[in-house]
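Below you'll find the structure, written out as structure tokens, and then a few comments.
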Amino acid sequence: MLADDDLRRRRAVLEGEWSRWVPAMRAGSGPLPDAGALSTEVGESWARSLVCVDPGTGSAPATRDGPVHERWARSPLRRPLEDLSDALRGIADDAGFVTAVTDASGTILWTCGGRAMRRRAERVNFAPGGRWDESAMGTNALSLALRTGRPSTVFSAEHLVSALHGWVCYCAPVRAPDGRMLGVLDMSTTWDRSHPLAMSTVRSLVSAVETRLRAEPPAPSGDTAAVRLTGLGAEEASYGGRPLPLRPRQLEILTLLALEPDGFTSEGLRDALYGGRLVSVSTLKAEISHLRRVLGGGIAPRRYALTVPVACDAVALLRALERGDTADALRLYRGPLLPRSEAPGIVAWRTRTTVAVRQAVLASARPEHALSYGARAPYDAEVHEHALRLLDPADARRALAAGRLSSALD
């Protein structure tokens, strides 16, 4: 896309302002920029940043606060962002943006975007692990949003670091239900793709993330730590907020116990795990013993059942469907239950949950339900046809549903 004349003029003016003020301020011989093309907020940020940031630096420094994938796994933003990942990737790919999410310190935890844009972003370490707070990378949209607590846009040479003058960045803070800032969501692209609606998109996405944060179950109170189990399209478990080091078989056991609160006899659990295979009682007991150790007890000794509070996404999904809340069920449904498992009991629950969600979608009169489920079921032609029936002829989303249907029928 070619930039229009207004964008070119604005970029040229800002480059002039940068060349006029930054070298003088860096040398200590220039005051803060006066009123003009440059905002007071950006000028003040330049002055603060020049104390510790070289405007000629080539890329953002890497965090030293531990592996970024572990920080992302613990982040309260991870689950809401995973819910919205299809929408984020679609927007980034269609509009030529790269999208990033930081924590409250300004360290990028997650990004998405087309391959070409991500490669370009990685050259300046606009990637997981990169630090983008003001003290690390000077004036940029992320650092301003973190400092002010307000949405921010930084265009071309408003960035202190000259390596970023080819970019425009839009971002907004993401807040927890109690008002704490958890990080920022940023959408960035080349300056010639600057668009007045980009900030509206960022605000809408942040609003969607914050809505999901409010819907998250409250953390357990007191001294009793809860088991949190994510099995729909994933295989994760935590206890007291810390990841549990479980083998696949142990995760299957934990999932079955969460879905069957009345528990199992030894024979019943063995059948649910192994079917007709000849497996010794001692093998099952060894798996249970390991689970008891990591849960600090947590499993009744005679009839196997959980004795600690458990938050399981598959259980929450079925409860949502029982109360007729298809939207909440789709929020929880990220894919089939423990997708790699072949345990008969898990396979049965996998079928039950998938069929239940699908039937709720087909019974719904809301096209967004079919579109959301369709993103997880690309070969389900009936769901894509249902979406097309529900969508208004002028709705731009019909193209998405029609494309999916065409692929499913090929």
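Going by the structure tokens order, chains are called A, B, ..., each with residues numbered from 1, while ligands are numbered from 1 in the order shown.
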
Selection near range 80-86 of chain A, 10 Å with only C-alpha atoms, sequence-local residues under 5 positions removed, as a VMD selection string: chain A and resid 91 to 92 101 110 112 185 205 to 206 208 to 213 215 to 216 330 to 334 372 375 to 376

Nearest-residue call for Ser207 in chain A, choices A:Pro378, A:Pro128, A:Pro177, A:Gly231, using only C-alpha atoms: A:Pro177

Contacts of Arg404 in chain A at 8 Å (only C-alpha atoms; same-chain gap of 2+ positions) as number ranges by chain: A: 374, 378-379, 381, 384, 400-402, 406-408

Export N, CA, C and O atoms of the chosen residues as a PDB file, in the first residue's frame?
ATOM      1  N   GLY A 374     -16.153 -22.806  14.000  1.00  0.00           N
ATOM      2  CA  GLY A 374     -15.594 -23.137  12.696  1.00  0.00           C
ATOM      3  C   GLY A 374     -14.100 -22.943  12.615  1.00  0.00           C
ATOM      4  O   GLY A 374     -13.411 -23.640  11.870  1.00  0.00           O
ATOM      5  N   PRO A 378     -12.020 -26.797  10.949  1.00  0.00           N
ATOM      6  CA  PRO A 378     -11.951 -26.313   9.562  1.00  0.00           C
ATOM      7  C   PRO A 378     -12.610 -27.234   8.542  1.00  0.00           C
ATOM      8  O   PRO A 378     -12.979 -26.787   7.457  1.00  0.00           O
ATOM      9  N   TYR A 379     -12.764 -28.525   8.861  1.00  0.00           N
ATOM     10  CA  TYR A 379     -13.328 -29.468   7.890  1.00  0.00           C
ATOM     11  C   TYR A 379     -14.799 -29.782   8.143  1.00  0.00           C
ATOM     12  O   TYR A 379     -15.352 -30.680   7.529  1.00  0.00           O
ATOM     13  N   ALA A 381     -18.053 -28.963   7.286  1.00  0.00           N
ATOM     14  CA  ALA A 381     -18.811 -28.206   6.298  1.00  0.00           C
ATOM     15  C   ALA A 381     -20.173 -27.777   6.829  1.00  0.00           C
ATOM     16  O   ALA A 381     -20.659 -26.679   6.523  1.00  0.00           O
ATOM     17  N   HIS A 384     -19.918 -24.540   8.748  1.00  0.00           N
ATOM     18  CA  HIS A 384     -19.687 -23.388   7.884  1.00  0.00           C
ATOM     19  C   HIS A 384     -20.952 -23.023   7.105  1.00  0.00           C
ATOM     20  O   HIS A 384     -21.252 -21.837   6.904  1.00  0.00           O
ATOM     21  N   LEU A 400     -15.287 -15.103   5.055  1.00  0.00           N
ATOM     22  CA  LEU A 400     -14.540 -16.040   5.905  1.00  0.00           C
ATOM     23  C   LEU A 400     -15.221 -17.397   5.936  1.00  0.00           C
ATOM     24  O   LEU A 400     -14.585 -18.449   5.756  1.00  0.00           O
ATOM     25  N   ALA A 401     -16.547 -17.405   6.165  1.00  0.00           N
ATOM     26  CA  ALA A 401     -17.287 -18.660   6.234  1.00  0.00           C
ATOM     27  C   ALA A 401     -17.269 -19.389   4.889  1.00  0.00           C
ATOM     28  O   ALA A 401     -17.124 -20.611   4.828  1.00  0.00           O
ATOM     29  N   ALA A 402     -17.407 -18.622   3.800  1.00  0.00           N
ATOM     30  CA  ALA A 402     -17.410 -19.232   2.475  1.00  0.00           C
ATOM     31  C   ALA A 402     -16.042 -19.844   2.166  1.00  0.00           C
ATOM     32  O   ALA A 402     -15.961 -20.927   1.563  1.00  0.00           O
ATOM     33  N   SER A 406     -15.426 -23.805   1.386  1.00  0.00           N
ATOM     34  CA  SER A 406     -14.759 -24.262   0.171  1.00  0.00           C
ATOM     35  C   SER A 406     -13.607 -25.207   0.497  1.00  0.00           C
ATOM     36  O   SER A 406     -13.434 -26.245  -0.146  1.00  0.00           O
ATOM     37  N   SER A 407     -12.815 -24.868   1.510  1.00  0.00           N
ATOM     38  CA  SER A 407     -11.710 -25.734   1.914  1.00  0.00           C
ATOM     39  C   SER A 407     -12.199 -27.066   2.454  1.00  0.00           C
ATOM     40  O   SER A 407     -11.609 -28.116   2.183  1.00  0.00           O
ATOM     41  N   ALA A 408     -13.316 -27.025   3.212  1.00  0.00           N
ATOM     42  CA  ALA A 408     -13.841 -28.261   3.789  1.00  0.00           C
ATOM     43  C   ALA A 408     -14.368 -29.203   2.711  1.00  0.00           C
ATOM     44  O   ALA A 408     -14.344 -30.421   2.876  1.00  0.00           O
TER      45      ALA A 408
END

Contacts of range 3-7 of chain A at 6 Å (only C-alpha atoms; same-chain gap of 2+ positions) as a ChimeraX atom specification: /A:9-10,192

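With CA of Ala394 in chain A on one side and CA of Asp94 in chain A on the other, the separation reads 19.3 Å.
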
All helix (DSSP H, G or I) positions in range 150-281 of chain A, as JSON, numbers by chain: {"A": [156, 157, 158, 162, 163, 164, 191, 192, 193, 198, 199, 200, 201, 202, 203, 204, 205, 206, 207, 208, 209, 210, 211, 212, 213, 214, 215, 248, 249, 250, 251, 252, 253, 254, 255, 256, 257, 258, 259, 266, 267, 268, 269, 270, 271, 272, 273, 274, 281]}

Contact residues around range 261-275 of chain A with only C-alpha atoms at 9 Å, ignoring same-chain residues under 6 positions, as number ranges by chain: A: 249, 252-253, 281, 284-285, 300, 302-306, 342-346

Selected residues written out, all heavy atoms, as a CSV table (one decimal), in the first residue's frame:
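Below you can see result_36.csv, which holds the result:
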chain,number,residue,atom,x,y,z
A,249,ARG,N,0.1,-40.1,31.2
A,249,ARG,CA,-0.9,-41.0,31.9
A,249,ARG,C,-1.4,-40.4,33.2
A,249,ARG,O,-2.6,-40.5,33.5
A,249,ARG,CB,-0.2,-42.4,32.3
A,249,ARG,CG,-1.1,-43.4,32.9
A,249,ARG,CD,-2.2,-43.9,31.9
A,249,ARG,NE,-1.6,-44.7,30.8
A,249,ARG,CZ,-2.2,-45.0,29.7
A,249,ARG,NH1,-3.4,-44.5,29.4
A,249,ARG,NH2,-1.7,-45.8,28.8
A,252,GLU,N,-4.0,-37.9,32.3
A,252,GLU,CA,-5.3,-38.6,32.0
A,252,GLU,C,-6.0,-39.0,33.3
A,252,GLU,O,-7.3,-38.8,33.4
A,252,GLU,CB,-5.0,-39.9,31.2
A,252,GLU,CG,-4.5,-39.6,29.8
A,252,GLU,CD,-4.0,-40.9,29.2
A,252,GLU,OE1,-3.7,-41.9,29.9
A,252,GLU,OE2,-3.8,-40.9,27.9
A,253,ILE,N,-5.3,-39.5,34.3
A,253,ILE,CA,-5.9,-39.8,35.6
A,253,ILE,C,-6.6,-38.6,36.2
A,253,ILE,O,-7.7,-38.6,36.7
A,253,ILE,CB,-4.9,-40.5,36.5
A,253,ILE,CG1,-4.4,-41.8,36.0
A,253,ILE,CG2,-5.5,-40.7,37.9
A,253,ILE,CD1,-3.3,-42.4,36.8
A,281,VAL,N,-2.0,-54.2,38.6
A,281,VAL,CA,-2.5,-53.3,39.6
A,281,VAL,C,-1.4,-52.4,40.1
A,281,VAL,O,-1.6,-51.2,40.4
A,281,VAL,CB,-3.2,-54.1,40.7
A,281,VAL,CG1,-3.6,-53.1,41.9
A,281,VAL,CG2,-4.4,-54.9,40.3
A,284,LEU,N,-0.9,-49.2,38.0
A,284,LEU,CA,-1.8,-48.1,38.3
A,284,LEU,C,-1.5,-47.5,39.6
A,284,LEU,O,-1.6,-46.2,39.8
A,284,LEU,CB,-3.2,-48.7,38.3
A,284,LEU,CG,-4.3,-47.7,38.6
A,284,LEU,CD1,-4.3,-46.5,37.7
A,284,LEU,CD2,-5.7,-48.4,38.6
A,285,LYS,N,-1.2,-48.3,40.6
A,285,LYS,CA,-0.9,-47.7,42.0
A,285,LYS,C,0.3,-46.8,42.0
A,285,LYS,O,0.3,-45.8,42.7
A,285,LYS,CB,-0.7,-48.9,43.0
A,285,LYS,CG,-2.0,-49.6,43.4
A,285,LYS,CD,-1.7,-50.6,44.4
A,285,LYS,CE,-3.1,-51.2,44.9
A,285,LYS,NZ,-2.8,-52.3,46.0
A,300,ALA,N,-8.4,-39.7,47.4
A,300,ALA,CA,-8.9,-40.6,48.4
A,300,ALA,C,-8.3,-42.0,48.2
A,300,ALA,O,-8.1,-42.4,47.0
A,300,ALA,CB,-10.4,-40.7,48.3
A,302,ARG,N,-9.3,-45.3,49.0
A,302,ARG,CA,-10.1,-46.5,48.7
A,302,ARG,C,-10.8,-46.4,47.3
A,302,ARG,O,-10.5,-47.1,46.4
A,302,ARG,CB,-11.1,-46.8,49.8
A,302,ARG,CG,-10.4,-47.1,51.1
A,302,ARG,CD,-11.4,-47.6,52.2
A,302,ARG,NE,-10.8,-47.8,53.4
A,302,ARG,CZ,-10.2,-49.0,53.8
A,302,ARG,NH1,-10.3,-50.0,52.9
A,302,ARG,NH2,-9.6,-49.2,54.9
A,303,ARG,N,-11.7,-45.5,47.3
A,303,ARG,CA,-12.3,-45.2,46.0
A,303,ARG,C,-11.6,-43.9,45.4
A,303,ARG,O,-11.7,-42.9,46.0
A,303,ARG,CB,-13.8,-44.9,46.1
A,303,ARG,CG,-14.5,-44.7,44.8
A,303,ARG,CD,-16.0,-44.6,44.9
A,303,ARG,NE,-16.7,-44.3,43.7
A,303,ARG,CZ,-17.1,-45.3,42.8
A,303,ARG,NH1,-16.9,-46.6,43.2
A,303,ARG,NH2,-17.7,-45.0,41.7
A,304,TYR,N,-10.9,-44.1,44.3
A,304,TYR,CA,-10.1,-43.0,43.9
A,304,TYR,C,-11.0,-41.8,43.5
A,304,TYR,O,-11.8,-41.8,42.6
A,304,TYR,CB,-9.3,-43.4,42.6
A,304,TYR,CG,-8.3,-44.5,42.9
A,304,TYR,CD1,-8.1,-45.6,42.1
A,304,TYR,CD2,-7.5,-44.5,44.1
A,304,TYR,CE1,-7.2,-46.6,42.3
A,304,TYR,CE2,-6.5,-45.4,44.3
A,304,TYR,CZ,-6.4,-46.5,43.5
A,304,TYR,OH,-5.5,-47.5,43.8
A,305,ALA,N,-10.8,-40.7,44.2
A,305,ALA,CA,-11.5,-39.4,43.9
A,305,ALA,C,-10.6,-38.3,44.4
A,305,ALA,O,-9.8,-38.4,45.4
A,305,ALA,CB,-12.8,-39.4,44.6
A,306,LEU,N,-10.8,-37.1,43.8
A,306,LEU,CA,-10.0,-35.9,44.2
A,306,LEU,C,-10.6,-35.4,45.6
A,306,LEU,O,-11.8,-35.3,45.8
A,306,LEU,CB,-10.1,-34.8,43.2
A,306,LEU,CG,-9.3,-35.1,41.9
A,306,LEU,CD1,-9.6,-34.0,40.9
A,306,LEU,CD2,-7.8,-35.1,42.2
A,342,GLU,N,-5.2,-41.8,24.0
A,342,GLU,CA,-6.0,-42.9,23.5
A,342,GLU,C,-6.7,-43.7,24.6
A,342,GLU,O,-7.2,-44.8,24.3
A,342,GLU,CB,-5.1,-43.8,22.7
A,342,GLU,CG,-4.5,-43.1,21.4
A,342,GLU,CD,-3.6,-44.0,20.6
A,342,GLU,OE1,-3.4,-45.2,21.0
A,342,GLU,OE2,-3.0,-43.5,19.6
A,343,ALA,N,-6.6,-43.2,25.8
A,343,ALA,CA,-7.3,-43.9,26.9
A,343,ALA,C,-8.8,-44.0,26.7
A,343,ALA,O,-9.4,-43.0,26.3
A,343,ALA,CB,-7.0,-43.2,28.2
A,344,PRO,N,-9.5,-45.1,26.8
A,344,PRO,CA,-10.9,-45.3,26.5
A,344,PRO,C,-11.8,-44.2,27.2
A,344,PRO,O,-12.7,-43.7,26.6
A,344,PRO,CB,-11.2,-46.7,26.9
A,344,PRO,CG,-9.9,-47.4,26.8
A,344,PRO,CD,-8.9,-46.4,27.2
A,345,GLY,N,-11.5,-44.0,28.5
A,345,GLY,CA,-12.3,-43.1,29.2
A,345,GLY,C,-12.1,-41.6,28.7
A,345,GLY,O,-13.1,-40.9,28.6
A,346,ILE,N,-10.9,-41.3,28.4
A,346,ILE,CA,-10.7,-39.9,27.8
A,346,ILE,C,-11.4,-39.8,26.4
A,346,ILE,O,-12.0,-38.8,26.1
A,346,ILE,CB,-9.2,-39.6,27.7
A,346,ILE,CG1,-8.6,-39.5,29.1
A,346,ILE,CG2,-9.0,-38.3,26.9
A,346,ILE,CD1,-9.1,-38.4,30.0

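The smallest atom-to-atom distance between Leu14 in chain A and any of A:Gly113, A:Gly240, A:Gly166, A:Gly276, using only C-alpha atoms, is found for A:Gly166.
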
DSSP-assigned strand (DSSP E) among range 91-287 of chain A, expressed as a ChimeraX atom specification: /A:98-102,108-113,152-155,167-175,181-190,227-230,236-239,242-243

Point-to-point distance from CA of Glu41 in chain A to CA of Ala100 in chain A, Å rounded to tenths: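 Calculated distance between CA of Glu41 in chain A and CA of Ala100 in chain A is 22.8 Å.
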
For Gln250 in chain A, the nearest of the candidates A:Glu382, A:Glu235, A:Asp93, A:Glu287, counting only C-alpha atoms: A:Glu287
